[in-house]
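Peer 1: As input, take my_file.cif (mmCIF, C-alpha atoms):
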data_run
loop_
_atom_site.group_PDB
_atom_site.id
_atom_site.type_symbol
_atom_site.label_atom_id
_atom_site.label_comp_id
_atom_site.auth_asym_id
_atom_site.auth_seq_id
_atom_site.Cartn_x
_atom_site.Cartn_y
_atom_site.Cartn_z
ATOM 1 C CA MET A 235 0.000 0.000 0.000
ATOM 2 C CA VAL A 236 1.374 3.402 -0.964
ATOM 3 C CA PHE A 237 0.205 6.720 0.505
ATOM 4 C CA HIS A 238 1.544 9.391 -1.847
ATOM 5 C CA LYS A 239 1.035 13.165 -2.018
ATOM 6 C CA ASN A 240 -1.996 13.225 0.269
ATOM 7 C CA ILE A 241 -2.818 16.377 2.228
ATOM 8 C CA GLY A 242 -4.479 16.257 5.638
ATOM 9 C CA SER A 243 -6.313 19.320 6.915
ATOM 10 C CA PHE A 244 -5.560 18.639 10.594
ATOM 11 C CA MET A 245 -3.766 15.341 11.340
ATOM 12 C CA GLY A 246 -2.252 12.564 9.294
ATOM 13 C CA GLY A 247 -1.564 13.492 5.683
ATOM 14 C CA GLY A 248 -1.497 9.831 4.659
ATOM 15 C CA MET A 249 -3.535 8.259 7.483
ATOM 16 C CA HIS A 250 -5.261 9.488 10.639
ATOM 17 C CA ASN A 251 -6.145 6.892 13.288
ATOM 18 C CA ALA A 252 -8.383 7.919 16.177
ATOM 19 C CA PHE A 253 -10.865 6.791 18.826
ATOM 20 C CA TYR A 254 -9.462 3.394 19.793
ATOM 21 C CA SER A 255 -8.625 2.310 16.253
ATOM 22 C CA ALA A 256 -5.815 -0.239 15.981
ATOM 23 C CA PRO A 257 -4.736 -0.763 12.361
ATOM 24 C CA THR A 258 -1.733 -2.856 11.388
ATOM 25 C CA LEU A 259 0.234 -1.684 8.363
ATOM 26 C CA LYS A 260 2.612 -4.080 6.622
ATOM 27 C CA ASN A 261 4.827 -3.295 3.628
ATOM 28 C CA ALA A 262 3.520 0.244 3.218
ATOM 29 C CA VAL A 263 5.045 3.503 1.999
ATOM 30 C CA PHE A 264 4.185 7.034 3.121
ATOM 31 C CA TRP A 265 5.848 9.378 0.622
ATOM 32 C CA LYS A 266 5.447 13.148 0.191
ATOM 33 C CA ASN A 267 2.304 13.507 2.306
ATOM 34 C CA SER A 268 1.637 16.602 4.388
ATOM 35 C CA SER A 269 -0.537 17.690 7.278
ATOM 36 C CA PRO A 270 -0.356 20.152 10.169
ATOM 37 C CA ALA A 271 0.439 17.269 12.559
ATOM 38 C CA GLY A 272 1.828 13.963 11.316
ATOM 39 C CA GLY A 273 2.756 14.504 7.701
ATOM 40 C CA GLY A 274 2.583 10.774 7.037
ATOM 41 C CA LEU A 275 0.556 9.237 9.864
ATOM 42 C CA ALA A 276 -1.192 10.451 13.011
ATOM 43 C CA ASP A 277 -2.406 8.372 15.950
ATOM 44 C CA ASP A 278 -4.607 10.102 18.505
ATOM 45 C CA SER A 279 -7.448 9.549 20.968
ATOM 46 C CA LYS A 280 -6.311 6.170 22.300
ATOM 47 C CA SER A 281 -5.463 4.613 18.951
ATOM 48 C CA ALA A 282 -2.768 1.952 18.681
ATOM 49 C CA SER A 283 -1.303 1.501 15.226
ATOM 50 C CA ASN A 284 1.300 -1.120 14.395
ATOM 51 C CA SER A 285 3.633 -0.395 11.461
ATOM 52 C CA ILE A 286 5.808 -3.225 10.135
ATOM 53 C CA ASN A 287 8.163 -2.783 7.161
ATOM 54 C CA VAL A 288 6.919 0.756 6.512
ATOM 55 C CA THR A 289 8.885 3.523 4.808
ATOM 56 C CA PHE A 290 8.224 7.153 5.736
ATOM 57 C CA ALA A 291 10.001 9.436 3.249
ATOM 58 C CA GLU A 292 9.755 13.159 2.522
ATOM 59 C CA ASN A 293 6.569 13.754 4.518
ATOM 60 C CA THR A 294 5.991 17.236 5.952
ATOM 61 C CA SER A 295 4.260 18.619 9.008
ATOM 62 C CA ARG A 296 3.379 22.277 8.555
ATOM 63 C CA PHE A 297 1.697 23.745 11.616
ATOM 64 C CA SER A 298 3.046 26.662 13.657
ATOM 65 C CA SER A 299 1.295 26.014 16.952
ATOM 66 C CA VAL A 300 3.090 25.381 20.211
ATOM 67 C CA VAL A 301 0.248 23.097 21.333
ATOM 68 C CA LEU A 302 -0.117 20.845 18.303
ATOM 69 C CA HIS A 303 2.777 20.526 15.905
ATOM 70 C CA GLY A 304 5.428 18.388 14.327
ATOM 71 C CA GLY A 305 5.810 14.816 13.405
ATOM 72 C CA GLY A 306 7.137 15.180 9.895
ATOM 73 C CA ALA A 307 6.449 11.463 9.487
ATOM 74 C CA VAL A 308 4.408 10.433 12.552
ATOM 75 C CA PHE A 309 2.460 12.341 15.211
ATOM 76 C CA VAL A 310 1.287 10.442 18.316
ATOM 77 C CA ASP A 311 -1.172 12.063 20.743
ATOM 78 C CA ASP A 312 -2.668 10.139 23.679
ATOM 79 C CA SER A 313 -1.983 6.842 21.897
ATOM 80 C CA LYS A 314 0.392 3.879 21.710
ATOM 81 C CA THR A 315 2.252 3.282 18.479
ATOM 82 C CA LYS A 316 4.494 0.344 17.507
ATOM 83 C CA ILE A 317 6.978 0.598 14.666
ATOM 84 C CA LYS A 318 9.158 -2.303 13.490
ATOM 85 C CA ASN A 319 11.556 -2.771 10.565
ATOM 86 C CA SER A 320 10.752 0.684 9.235
ATOM 87 C CA ILE A 321 12.644 3.558 7.628
ATOM 88 C CA PHE A 322 12.321 7.288 8.307
ATOM 89 C CA TRP A 323 14.165 9.632 5.962
ATOM 90 C CA GLY A 324 13.795 13.158 4.629
ATOM 91 C CA ASN A 325 10.761 13.993 6.769
ATOM 92 C CA LYS A 326 10.415 17.649 7.746
ATOM 93 C CA TYR A 327 8.587 20.017 10.039
ATOM 94 C CA LEU A 328 7.860 23.513 8.682
ATOM 95 C CA TYR A 329 8.162 26.061 11.492
ATOM 96 C CA ASN A 330 8.417 29.834 11.014
ATOM 97 C CA ASN A 331 9.136 29.307 7.301
ATOM 98 C CA THR A 332 12.068 27.028 8.126
ATOM 99 C CA LEU A 333 12.142 23.313 7.307
ATOM 100 C CA LEU A 334 13.576 21.239 10.145
ATOM 101 C CA ASP A 335 14.426 17.523 10.083
ATOM 102 C CA ASN A 336 11.773 15.718 12.080
ATOM 103 C CA ASP A 337 10.371 12.202 12.123
ATOM 104 C CA ILE A 338 8.264 11.280 15.182
ATOM 105 C CA ILE A 339 6.654 13.613 17.714
ATOM 106 C CA THR A 340 4.739 12.482 20.798
ATOM 107 C CA ARG A 341 2.315 14.394 22.948
ATOM 108 C CA LYS A 342 0.160 13.784 26.034
ATOM 109 C CA ASN A 343 0.297 10.241 27.469
ATOM 110 C CA SER A 344 1.798 8.691 24.356
ATOM 111 C CA GLU A 345 4.095 5.718 24.003
ATOM 112 C CA VAL A 346 6.092 4.779 20.938
ATOM 113 C CA SER A 347 7.966 1.508 20.559
ATOM 114 C CA VAL A 348 10.480 1.491 17.707
ATOM 115 C CA SER A 349 12.555 -1.588 16.915
ATOM 116 C CA ASN A 350 14.895 -2.628 14.139
ATOM 117 C CA SER A 351 14.277 0.611 12.270
ATOM 118 C CA LEU A 352 16.316 3.356 10.649
ATOM 119 C CA LEU A 353 15.500 6.776 12.128
ATOM 120 C CA GLN A 354 16.682 9.986 10.506
ATOM 121 C CA LEU A 355 17.812 11.859 13.646
ATOM 122 C CA PRO A 356 20.606 11.169 16.156
ATOM 123 C CA ASN A 357 19.554 9.223 19.268
ATOM 124 C CA THR A 358 19.312 12.038 21.826
ATOM 125 C CA ALA A 359 16.834 12.772 24.620
ATOM 126 C CA THR A 360 15.744 15.867 22.699
ATOM 127 C CA ASN A 361 14.862 13.890 19.570
ATOM 128 C CA TYR A 362 13.474 10.802 21.314
ATOM 129 C CA PRO A 363 12.563 11.469 24.992
ATOM 130 C CA SER A 364 12.671 8.261 27.047
ATOM 131 C CA ALA A 365 9.313 8.984 28.703
ATOM 132 C CA SER A 366 7.579 8.510 25.353
ATOM 133 C CA PHE A 367 9.980 6.300 23.389
ATOM 134 C CA LEU A 368 10.142 2.887 25.038
ATOM 135 C CA ALA A 369 13.300 0.811 24.704
ATOM 136 C CA LEU A 370 14.737 2.939 21.912
ATOM 137 C CA ASP A 371 18.383 1.983 21.668
ATOM 138 C CA SER A 372 21.279 1.873 19.260
ATOM 139 C CA ALA A 373 21.573 -1.903 19.519
ATOM 140 C CA HIS A 374 18.226 -2.435 17.781
ATOM 141 C CA ASN A 375 17.906 0.698 15.636
ATOM 142 C CA ILE A 376 20.021 2.715 13.215
ATOM 143 C CA PHE A 377 20.212 6.474 13.780
ATOM 144 C CA ALA A 378 21.074 9.341 11.426
ATOM 145 C CA GLN A 379 22.307 7.209 8.528
ATOM 146 C CA ASN A 380 21.115 7.647 4.964
ATOM 147 C CA PRO A 381 19.095 4.542 3.995
ATOM 148 C CA LEU A 382 20.438 4.835 0.415
ATOM 149 C CA PHE A 383 17.246 4.665 -1.610
ATOM 150 C CA VAL A 384 17.824 3.788 -5.266
ATOM 151 C CA ASP A 385 16.229 7.026 -6.604
ATOM 152 C CA VAL A 386 14.088 8.939 -4.121
ATOM 153 C CA VAL A 387 13.647 11.890 -6.503
ATOM 154 C CA ASN A 388 11.776 9.684 -8.956
ATOM 155 C CA GLY A 389 9.988 7.608 -6.337
ATOM 156 C CA ASN A 390 12.168 4.506 -6.292
ATOM 157 C CA LEU A 391 12.359 3.908 -2.535
ATOM 158 C CA ARG A 392 13.951 0.491 -2.875
ATOM 159 C CA LEU A 393 17.210 0.131 -0.979
ATOM 160 C CA GLU A 394 20.602 -0.043 -2.628
ATOM 161 C CA ASP A 395 22.460 -3.270 -1.852
ATOM 162 C CA CYS A 396 24.901 -1.328 0.361
ATOM 163 C CA SER A 397 22.150 0.309 2.463
ATOM 164 C CA PRO A 398 22.673 0.129 6.243
ATOM 165 C CA ALA A 399 19.047 -1.052 6.493
ATOM 166 C CA VAL A 400 19.604 -4.195 4.404
ATOM 167 C CA ASN A 401 19.432 -7.250 6.676
ATOM 168 C CA ALA A 402 18.967 -5.001 9.740
ATOM 169 C CA GLY A 403 15.348 -5.964 10.384
ATOM 170 C CA ASP A 404 13.869 -8.563 12.683
ATOM 171 C CA THR A 405 12.389 -11.593 10.913
ATOM 172 C CA VAL A 406 9.917 -12.552 13.661
ATOM 173 C CA GLY A 407 6.292 -11.643 12.979
ATOM 174 C CA VAL A 408 6.934 -9.852 9.708
ATOM 175 C CA PRO A 409 5.562 -10.439 6.196
ATOM 176 C CA ALA A 410 7.259 -13.192 4.194
ATOM 177 C CA THR A 411 7.698 -10.875 1.192
ATOM 178 C CA ASP A 412 8.441 -7.203 0.559
ATOM 179 C CA LEU A 413 6.495 -4.678 -1.564
ATOM 180 C CA ASP A 414 7.883 -6.221 -4.744
ATOM 181 C CA GLY A 415 6.982 -9.749 -3.668
ATOM 182 C CA ASN A 416 10.615 -10.679 -2.952
ATOM 183 C CA ILE A 417 11.173 -13.136 -0.138
ATOM 184 C CA ARG A 418 12.335 -11.595 3.144
ATOM 185 C CA PRO A 419 14.864 -11.339 4.625
ATOM 186 C CA TYR A 420 16.816 -9.807 1.777
#
What's the structure tokens form of this structure?
Peer 2:
Amino acid sequence: MVFHKNIGSFMGGGMHNAFYSAPTLKNAVFWKNSSPAGGGLADDSKSASNSINVTFAENTSRFSSVVLHGGGAVFVDDSKTKIKNSIFWGNKYLYNNTLLDNDIITRKNSEVSVSNSLLQLPNTATNYPSASFLALDSAHNIFAQNPLFVDVVNGNLRLEDCSPAVNAGDTVGVPATDLDGNIRPY
């Protein structure tokens, strides 16, 4: 499933989950979506999404409010979100006419579990506060490394053979094939 160039008026340019919804996404791509909060995906109001083998690339959050903002790729508000074997790259937050690198933002009683994923920012308490990001560590995730997409400009988000994300995922509980139908692991 590909979510491409969608525009959300409030939350979740590609997908907005709310009110106890609990979708599971497997082998999906969120590319070039935009919304005030959660350019790619937004979870709020006790939702609990599960993203497995999902790529979030070049999504943009564009809201200049101190209360509700950010999440170039994902915005989580009063919800629990699980992310596994996923890639975040080139996601931005537009603030005061300046684009800032930004992938996941949490707010109000939110928990995010990220494992075996490539995140675009360095692993610091500012980028990923431990109160919201459970068990986020360098042993099971890759931080601030280019995933080396084949041709992101033209929409080819496949990984080059030398990508740091190749063979970095967990094989337990994941789809047997990738978006192209190739057997996993790579």
Peer 1: Using only C-alpha atoms, list the residues that have an atom at most 12 Å from (-1.1, 16.8, 30.8), coordinates as in the file, as a PDB file with C-alpha atoms, keeping the file's coordinate frame.
Peer 2:
ATOM      1  CA  VAL A 301       0.248  23.097  21.333  1.00  0.00           C
ATOM      2  CA  ASP A 311      -1.172  12.063  20.743  1.00  0.00           C
ATOM      3  CA  ASP A 312      -2.668  10.139  23.679  1.00  0.00           C
ATOM      4  CA  ARG A 341       2.315  14.394  22.948  1.00  0.00           C
ATOM      5  CA  LYS A 342       0.160  13.784  26.034  1.00  0.00           C
ATOM      6  CA  ASN A 343       0.297  10.241  27.469  1.00  0.00           C
ATOM      7  CA  SER A 344       1.798   8.691  24.356  1.00  0.00           C
TER       8      SER A 344
END
Peer 1: Would you tabulate, counting all atoms listed in the file, all residues of segment 250-362 of chain A that have an atom at most 10 Å from an atom of segment 376-385 of chain A, showing the closest pair of atoms and their distance in Å to one decimal, sorted by chain then ascending number, as a Markdown table?
Peer 2:
| residue | atom | partner | partner_atom | distance |
| --- | --- | --- | --- | --- |
| A:Ala291 | CA | A:Phe383 | CA | 9.9 |
| A:Ile321 | CA | A:Pro381 | CA | 7.5 |
| A:Phe322 | CA | A:Pro381 | CA | 8.5 |
| A:Trp323 | CA | A:Asn380 | CA | 7.3 |
| A:Gly324 | CA | A:Asn380 | CA | 9.2 |
| A:Ser349 | CA | A:Ile376 | CA | 9.4 |
| A:Asn350 | CA | A:Ile376 | CA | 7.5 |
| A:Ser351 | CA | A:Ile376 | CA | 6.2 |
| A:Leu352 | CA | A:Ile376 | CA | 4.6 |
| A:Leu353 | CA | A:Phe377 | CA | 5.0 |
| A:Gln354 | CA | A:Ala378 | CA | 4.5 |
| A:Leu355 | CA | A:Ala378 | CA | 4.7 |
| A:Pro356 | CA | A:Ala378 | CA | 5.1 |
| A:Asn357 | CA | A:Phe377 | CA | 6.2 |
| A:Thr358 | CA | A:Phe377 | CA | 9.8 |
Peer 1: Find the residues of segment 271-323 of chain A that sit at most 10 Å from segment 406-413 of chain A; for each, write down the nearest two atoms and how far apart they are in Å, to one decimal. Count all atoms listed in the file. Sort by chain, then by number going up, and give it as a tab-separated table.
Peer 2:
residue	atom	partner	partner_atom	distance
A:Ile286	CA	A:Val408	CA	6.7
A:Asn287	CA	A:Val408	CA	7.6
A:Val288	CA	A:Leu413	CA	9.7
A:Lys318	CA	A:Val408	CA	8.7
A:Asn319	CA	A:Val408	CA	8.5
Peer 1: Quick check, in Å to one decimal: how far apart do atom CA of Val346 of chain A and atom CA of Ile317 of chain A lie?
Peer 2: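 Interatomic distance here is 7.6 Å.
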Peer 1: Segment 369-383 of chain A, all listed atoms, 8 Å padding on each side: what axis-aligned box centre and edge lengths in Å to one decimal come out, as JSON?
Peer 2:
{"center_x": 17.8, "center_y": 3.5, "center_z": 11.5, "size_x": 25.0, "size_y": 27.8, "size_z": 42.3}
Peer 1: Could you check how far atom CA of Ile339 of chain A sits from atom CA of Lys239 of chain A, in Å to one decimal?
Peer 2: 20.5 Å
Peer 1: Have a look at atom CA of Ala252 of chain A and atom CA of Asp404 of chain A and let me know their distance in Å, one decimal.
Peer 2: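 Rounded to one decimal, the two atoms are 27.9 Å apart.
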Peer 1: Please list as JSON, numbers by chain every residue within 12 Å of segment 278-280 of chain A, counting only C-alpha atoms and excluding residues in the same chain fewer than 2 positions away.
Peer 2: {"A": [244, 245, 246, 249, 250, 251, 252, 253, 254, 255, 256, 271, 272, 275, 276, 282, 283, 302, 308, 309, 310, 311, 312, 313, 314, 315, 339, 340, 341, 342, 343, 344, 345]}
Peer 1: Given the choices A:Gly305, A:Gly403, A:His238, A:Lys266, which gets closest to Asp337 of chain A if the distance is worked out from all atoms listed in the file?
Peer 2: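 For Asp337 of chain A, the nearest of the candidates is A:Gly305.
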Peer 1: Counting all atoms listed in the file, which residue out of A:Asn388, A:Arg418, A:Leu333, A:Gly242 sits closest to Val400 of chain A?
Peer 2: A:Arg418
Peer 1: Take the PyMOL selection byres ((chain A and resi 296) around 6), run it mentally on this structure, and tell me the resulting residues as a ChimeraX atom specification.
Peer 2: /A:270,295,297,327-328
Peer 1: Going by the chain IDs and residue numbers used in this file, which residues fall under the PyMOL selection byres ((chain A and resi 347) around 6)? Write them as a compact mmCIF listing (two decimals) with C-alpha atoms, in the frame of the given file.
Peer 2:
# COMPACT_ATOMS: atom_id res chain seq x y z
CA LYS A 316 4.49 0.34 17.51
CA VAL A 346 6.09 4.78 20.94
CA VAL A 348 10.48 1.49 17.71
CA PHE A 367 9.98 6.30 23.39
CA LEU A 368 10.14 2.89 25.04
Peer 1: Selection in question (the file shown): the PyMOL selection byres ((chain A and resi 268) around 6). Which residues does it include, as number ranges by chain?
Peer 2: A: 241, 247, 267, 269, 273, 293-295
Peer 1: Using all atoms listed in the file, which residue out of A:Ser281, A:Asn240, A:Ser320, A:Thr405 lies closest to Lys260 of chain A?
Peer 2: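 Checking each of A:Ser281, A:Asn240, A:Ser320, A:Thr405 against Lys260 of chain A, counting all atoms listed in the file, the winner is A:Ser320.
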